[in-house]
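Asker: Sharing run.csv, CSV, N, CA and C atoms:
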chain,number,residue,atom,x,y,z
A,1,MET,N,5.5,30.4,-26.4
A,1,MET,CA,5.3,29.1,-25.7
A,1,MET,C,4.5,28.2,-26.6
A,2,ASN,N,5.0,26.9,-26.7
A,2,ASN,CA,4.3,26.0,-27.5
A,2,ASN,C,3.3,25.2,-26.7
A,3,ASN,N,2.1,25.0,-27.2
A,3,ASN,CA,1.0,24.2,-26.6
A,3,ASN,C,1.0,22.8,-27.2
A,4,LEU,N,0.9,21.9,-26.4
A,4,LEU,CA,0.8,20.5,-26.8
A,4,LEU,C,-0.6,19.9,-26.5
A,5,ALA,N,-1.3,19.4,-27.5
A,5,ALA,CA,-2.6,18.8,-27.2
A,5,ALA,C,-2.4,17.3,-27.4
A,6,LEU,N,-3.0,16.6,-26.5
A,6,LEU,CA,-2.9,15.1,-26.5
A,6,LEU,C,-4.3,14.5,-26.3
A,7,SER,N,-4.6,13.7,-27.2
A,7,SER,CA,-5.9,13.0,-27.1
A,7,SER,C,-5.7,11.6,-26.5
A,8,VAL,N,-6.4,11.4,-25.4
A,8,VAL,CA,-6.2,10.1,-24.7
A,8,VAL,C,-7.6,9.4,-24.7
A,9,PRO,N,-7.6,8.2,-25.1
A,9,PRO,CA,-8.9,7.5,-25.1
A,9,PRO,C,-9.5,7.3,-23.7
A,10,ASP,N,-10.8,7.4,-23.6
A,10,ASP,CA,-11.4,7.2,-22.3
A,10,ASP,C,-11.0,5.9,-21.6
A,11,GLN,N,-10.9,4.9,-22.3
A,11,GLN,CA,-10.6,3.6,-21.8
A,11,GLN,C,-9.2,3.6,-21.1
A,12,LEU,N,-8.2,4.3,-21.7
A,12,LEU,CA,-6.9,4.4,-21.1
A,12,LEU,C,-6.9,5.2,-19.9
A,13,VAL,N,-7.7,6.3,-19.9
A,13,VAL,CA,-7.8,7.1,-18.7
A,13,VAL,C,-8.4,6.3,-17.5
A,14,GLU,N,-9.4,5.5,-17.8
A,14,GLU,CA,-10.1,4.7,-16.8
A,14,GLU,C,-9.1,3.6,-16.3
A,15,ALA,N,-8.4,3.0,-17.2
A,15,ALA,CA,-7.4,2.0,-16.8
A,15,ALA,C,-6.3,2.6,-15.9
A,16,VAL,N,-5.8,3.8,-16.2
A,16,VAL,CA,-4.8,4.4,-15.4
A,16,VAL,C,-5.4,4.8,-14.0
A,17,ALA,N,-6.6,5.3,-14.0
A,17,ALA,CA,-7.3,5.6,-12.7
A,17,ALA,C,-7.5,4.4,-11.8
A,18,GLN,N,-7.9,3.3,-12.5
A,18,GLN,CA,-8.2,2.1,-11.7
A,18,GLN,C,-6.9,1.6,-11.1
A,19,ARG,N,-5.8,1.6,-11.9
A,19,ARG,CA,-4.5,1.1,-11.4
A,19,ARG,C,-4.0,2.0,-10.3
A,20,ALA,N,-4.2,3.3,-10.4
A,20,ALA,CA,-3.7,4.3,-9.4
A,20,ALA,C,-4.5,4.0,-8.1
A,21,ALA,N,-5.8,3.7,-8.2
A,21,ALA,CA,-6.6,3.4,-7.0
A,21,ALA,C,-6.1,2.1,-6.3
A,22,GLU,N,-5.8,1.1,-7.1
A,22,GLU,CA,-5.3,-0.1,-6.5
A,22,GLU,C,-4.0,0.1,-5.8
A,23,ILE,N,-3.1,0.9,-6.3
A,23,ILE,CA,-1.8,1.2,-5.7
A,23,ILE,C,-2.0,1.9,-4.4
A,24,VAL,N,-2.9,2.9,-4.4
A,24,VAL,CA,-3.2,3.6,-3.1
A,24,VAL,C,-3.8,2.7,-2.1
A,25,LEU,N,-4.7,1.9,-2.5
A,25,LEU,CA,-5.3,0.9,-1.5
A,25,LEU,C,-4.3,0.0,-0.9
A,26,ASP,N,-3.4,-0.5,-1.8
A,26,ASP,CA,-2.3,-1.4,-1.3
A,26,ASP,C,-1.4,-0.8,-0.3
A,27,ARG,N,-1.3,0.5,-0.4
A,27,ARG,CA,-0.3,1.2,0.5
A,27,ARG,C,-1.0,1.7,1.8
A,28,LEU,N,-2.3,1.7,1.9
A,28,LEU,CA,-3.0,2.2,3.1
A,28,LEU,C,-2.8,1.1,4.2
A,29,PRO,N,-2.7,1.5,5.4
A,29,PRO,CA,-2.6,0.5,6.5
A,29,PRO,C,-3.9,-0.2,6.6
A,30,GLN,N,-3.8,-1.5,6.9
A,30,GLN,CA,-5.0,-2.3,7.1
A,30,GLN,C,-5.8,-1.9,8.3
A,31,SER,N,-7.1,-2.0,8.3
A,31,SER,CA,-7.9,-1.7,9.4
A,31,SER,C,-7.5,-2.6,10.6
A,32,ASP,N,-7.4,-2.0,11.8
A,32,ASP,CA,-7.1,-2.7,12.9
A,32,ASP,C,-8.4,-3.0,13.7
A,33,GLY,N,-9.5,-3.1,13.1
A,33,GLY,CA,-10.8,-3.4,13.7
A,33,GLY,C,-10.9,-4.8,14.2
A,34,PHE,N,-12.1,-5.1,14.7
A,34,PHE,CA,-12.4,-6.4,15.2
A,34,PHE,C,-12.9,-7.3,14.1
A,35,MET,N,-12.8,-8.6,14.3
A,35,MET,CA,-13.3,-9.6,13.3
A,35,MET,C,-13.9,-10.8,14.1
A,36,GLY,N,-14.7,-11.5,13.4
A,36,GLY,CA,-15.2,-12.7,14.1
A,36,GLY,C,-14.3,-13.9,14.0
A,37,ALA,N,-14.8,-15.1,14.4
A,37,ALA,CA,-13.9,-16.3,14.4
A,37,ALA,C,-13.5,-16.7,13.0
A,38,CYS,N,-14.4,-16.5,12.0
A,38,CYS,CA,-14.0,-16.9,10.6
A,38,CYS,C,-12.9,-15.9,10.1
A,39,GLY,N,-13.0,-14.6,10.4
A,39,GLY,CA,-12.0,-13.7,10.0
A,39,GLY,C,-10.7,-13.9,10.7
A,40,ALA,N,-10.7,-14.3,12.0
A,40,ALA,CA,-9.5,-14.6,12.7
A,40,ALA,C,-8.8,-15.9,12.1
A,41,ALA,N,-9.7,-16.9,11.7
A,41,ALA,CA,-9.1,-18.1,11.1
A,41,ALA,C,-8.4,-17.7,9.7
A,42,ASP,N,-9.1,-16.9,8.9
A,42,ASP,CA,-8.5,-16.4,7.7
A,42,ASP,C,-7.2,-15.7,8.0
A,43,PHE,N,-7.2,-14.8,8.9
A,43,PHE,CA,-6.1,-13.9,9.3
A,43,PHE,C,-4.9,-14.8,9.7
A,44,LEU,N,-5.2,-15.8,10.5
A,44,LEU,CA,-4.1,-16.7,10.9
A,44,LEU,C,-3.9,-17.9,10.1
A,45,ALA,N,-4.6,-18.0,9.0
A,45,ALA,CA,-4.5,-19.2,8.0
A,45,ALA,C,-4.6,-20.5,8.7
A,46,CYS,N,-5.7,-20.7,9.5
A,46,CYS,CA,-5.9,-21.9,10.1
A,46,CYS,C,-7.4,-22.2,10.1
A,47,PRO,N,-7.8,-23.4,10.4
A,47,PRO,CA,-9.3,-23.8,10.5
A,47,PRO,C,-10.0,-23.0,11.6
A,48,VAL,N,-11.2,-22.8,11.4
A,48,VAL,CA,-12.1,-22.1,12.5
A,48,VAL,C,-12.1,-23.0,13.7
A,49,SER,N,-12.0,-24.3,13.5
A,49,SER,CA,-12.0,-25.2,14.7
A,49,SER,C,-10.8,-24.9,15.6
A,50,ARG,N,-9.7,-24.6,15.0
A,50,ARG,CA,-8.5,-24.3,15.8
A,50,ARG,C,-8.7,-23.0,16.6
A,51,ILE,N,-9.4,-22.0,16.0
A,51,ILE,CA,-9.7,-20.8,16.7
A,51,ILE,C,-10.5,-21.1,18.0
A,52,TYR,N,-11.6,-21.9,17.8
A,52,TYR,CA,-12.4,-22.2,18.9
A,52,TYR,C,-11.7,-23.0,20.0
A,53,ALA,N,-10.8,-23.9,19.5
A,53,ALA,CA,-10.0,-24.7,20.5
A,53,ALA,C,-9.0,-23.7,21.3
A,54,LEU,N,-8.4,-22.8,20.6
A,54,LEU,CA,-7.6,-21.8,21.3
A,54,LEU,C,-8.3,-20.9,22.3
A,55,VAL,N,-9.5,-20.5,21.9
A,55,VAL,CA,-10.4,-19.7,22.8
A,55,VAL,C,-10.8,-20.6,24.0
A,56,SER,N,-11.2,-21.8,23.8
A,56,SER,CA,-11.6,-22.7,24.9
A,56,SER,C,-10.5,-22.9,25.9
A,57,SER,N,-9.2,-23.0,25.4
A,57,SER,CA,-8.1,-23.2,26.3
A,57,SER,C,-7.5,-21.9,26.7
A,58,LYS,N,-8.1,-20.8,26.4
A,58,LYS,CA,-7.7,-19.4,26.8
A,58,LYS,C,-6.2,-19.1,26.4
A,59,LYS,N,-5.9,-19.6,25.2
A,59,LYS,CA,-4.5,-19.3,24.7
A,59,LYS,C,-4.4,-18.2,23.6
A,60,ILE,N,-5.6,-17.7,23.2
A,60,ILE,CA,-5.6,-16.7,22.2
A,60,ILE,C,-6.4,-15.5,22.7
A,61,PRO,N,-5.9,-14.3,22.4
A,61,PRO,CA,-6.6,-13.1,22.9
A,61,PRO,C,-7.9,-12.9,22.2
A,62,HIS,N,-9.0,-12.7,22.9
A,62,HIS,CA,-10.3,-12.6,22.3
A,62,HIS,C,-11.2,-11.7,23.2
A,63,HIS,N,-12.3,-11.3,22.7
A,63,HIS,CA,-13.3,-10.5,23.4
A,63,HIS,C,-14.7,-11.1,23.1
A,64,ARG,N,-15.6,-10.8,24.0
A,64,ARG,CA,-17.0,-11.3,23.7
A,64,ARG,C,-17.9,-10.1,23.7
A,65,ASP,N,-18.9,-10.2,22.7
A,65,ASP,CA,-20.0,-9.3,22.6
A,65,ASP,C,-21.2,-10.2,22.8
A,66,GLY,N,-21.6,-10.4,24.0
A,66,GLY,CA,-22.7,-11.4,24.3
A,66,GLY,C,-22.1,-12.8,24.0
A,67,SER,N,-22.7,-13.5,23.1
A,67,SER,CA,-22.1,-14.8,22.8
A,67,SER,C,-21.2,-14.8,21.6
A,68,ARG,N,-21.0,-13.7,21.0
A,68,ARG,CA,-20.2,-13.5,19.8
A,68,ARG,C,-18.7,-13.3,20.2
A,69,LEU,N,-17.8,-14.1,19.6
A,69,LEU,CA,-16.4,-13.9,19.8
A,69,LEU,C,-15.9,-12.9,18.8
A,70,LEU,N,-15.0,-12.0,19.4
A,70,LEU,CA,-14.4,-11.0,18.6
A,70,LEU,C,-12.9,-11.0,18.8
A,71,PHE,N,-12.1,-10.7,17.7
A,71,PHE,CA,-10.7,-10.7,17.8
A,71,PHE,C,-10.2,-9.4,17.2
A,72,ASP,N,-9.2,-8.9,17.9
A,72,ASP,CA,-8.6,-7.6,17.4
A,72,ASP,C,-7.3,-7.9,16.6
A,73,ARG,N,-7.3,-7.4,15.4
A,73,ARG,CA,-6.1,-7.7,14.5
A,73,ARG,C,-4.8,-7.4,15.2
A,74,SER,N,-4.7,-6.3,15.8
A,74,SER,CA,-3.4,-5.9,16.4
A,74,SER,C,-3.0,-6.9,17.5
A,75,GLU,N,-4.0,-7.4,18.3
A,75,GLU,CA,-3.7,-8.4,19.3
A,75,GLU,C,-3.3,-9.7,18.7
A,76,LEU,N,-3.9,-10.1,17.6
A,76,LEU,CA,-3.6,-11.3,16.9
A,76,LEU,C,-2.1,-11.2,16.4
A,77,ARG,N,-1.8,-10.1,15.8
A,77,ARG,CA,-0.4,-9.9,15.3
A,77,ARG,C,0.6,-10.0,16.5
A,78,GLU,N,0.3,-9.4,17.6
A,78,GLU,CA,1.2,-9.5,18.8
A,78,GLU,C,1.2,-11.0,19.3
A,79,TYR,N,0.1,-11.6,19.3
A,79,TYR,CA,0.0,-13.0,19.7
A,79,TYR,C,1.0,-13.9,18.8
A,80,VAL,N,1.0,-13.7,17.5
A,80,VAL,CA,1.8,-14.4,16.6
A,80,VAL,C,3.3,-14.0,16.8
A,81,ARG,N,3.6,-12.7,17.0
A,81,ARG,CA,4.9,-12.3,17.2
A,81,ARG,C,5.5,-12.9,18.5
A,82,ASN,N,4.7,-13.1,19.5
A,82,ASN,CA,5.1,-13.7,20.7
A,82,ASN,C,5.2,-15.2,20.7
A,83,GLY,N,5.0,-15.8,19.6
A,83,GLY,CA,5.1,-17.3,19.5
A,83,GLY,C,3.8,-18.0,19.3
A,84,GLY,N,2.7,-17.3,19.4
A,84,GLY,CA,1.4,-18.0,19.3
A,84,GLY,C,1.2,-19.0,20.4
A,85,ALA,N,0.3,-19.9,20.1
A,85,ALA,CA,0.0,-21.0,21.1
A,85,ALA,C,1.1,-22.0,21.2
A,86,THR,N,1.5,-22.3,22.4
A,86,THR,CA,2.6,-23.3,22.6
A,86,THR,C,1.9,-24.7,22.9
A,87,ARG,N,2.5,-25.7,22.4
A,87,ARG,CA,2.0,-27.0,22.7
A,87,ARG,C,2.4,-27.5,24.1
A,88,ALA,N,1.5,-28.2,24.7
A,88,ALA,CA,1.8,-28.7,26.1
A,88,ALA,C,2.6,-30.0,26.0
Show how you would write the structure in this file as structure tokens.
Answerer:
Amino acid sequence: MNNLALSVPDQLVEAVAQRAAEIVLDRLPQSDGFMGACGAADFLACPVSRIYALVSSKKIPHHRDGSRLLFDRSELREYVRNGGATRA
């Protein structure tokens, strides 16, 4: 049996490991946890003021923790899939 020895620079090993970690993270499902109004605005690609307007008019699913508004990612996905807010 022939043995093969290969010398790989530490920088190359680190670069491969970094890229492998990025690929794994990209393939993991995103957390379906709660987020605040700013997170919901980022998630829906709209201004925070629109989030507050939708909450005020009870058109977007949300929860409250005291005075803090919370939004569930899966509920927001469903909200968008169902057409989002409709104009009056």
Asker: Mind giving me the straight-line distance from CA of Pro61 in chain A to CA of Glu75 in chain A in Å, one decimal?
Answerer: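 Distance reported for this atom pair: 6.6 Å.
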Asker: Rounded to one decimal in Å, what is the spacing between CA of Leu54 in chain A and CA of Gly33 in chain A?
Answerer: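 Computing the Euclidean distance for CA of Leu54 in chain A and CA of Gly33 in chain A yields 20.2 Å.
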Asker: Mind checking DSSP for chain A and telling me the helix (DSSP H, G or I) residues as a PyMOL selection string?
Answerer: chain A and resi 10-27+37-44+48-56+73-81
Asker: Could you tell me how far atom N of Gly36 in chain A sits from atom N of Arg68 in chain A, in Å to one decimal place?
Answerer: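 Atom N of Arg68 in chain A sits 10.1 Å away from atom N of Gly36 in chain A.
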Asker: Go through A:Val16, A:Leu76, A:Gly39, A:Arg27 and flag the residue nearest Ile60 in chain A, using all atoms listed in the file for the distances.
Answerer: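 That would be A:Leu76, the residue with the smallest distance to Ile60 in chain A.
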Asker: Output as number ranges by chain all residues of chain A that backbone DSSP marks as strand (DSSP E or B).
Answerer: A: 34-35, 63-65, 68-72
Asker: So, counting only C-alpha atoms, which residue among A:Ala85, A:Ser74, A:Asp32, A:Asp42 is closest to Lys59 in chain A?
Answerer: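 Answer, going by the shortest atom-to-atom distance: A:Ala85.
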Asker: Between A:Tyr52, A:Leu44, A:Phe34, A:Gly84, single out the one closest to Asp72 in chain A, counting all atoms listed in the file.
Answerer: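 Looking at the shortest contact to Asp72 in chain A, the residue is A:Phe34.
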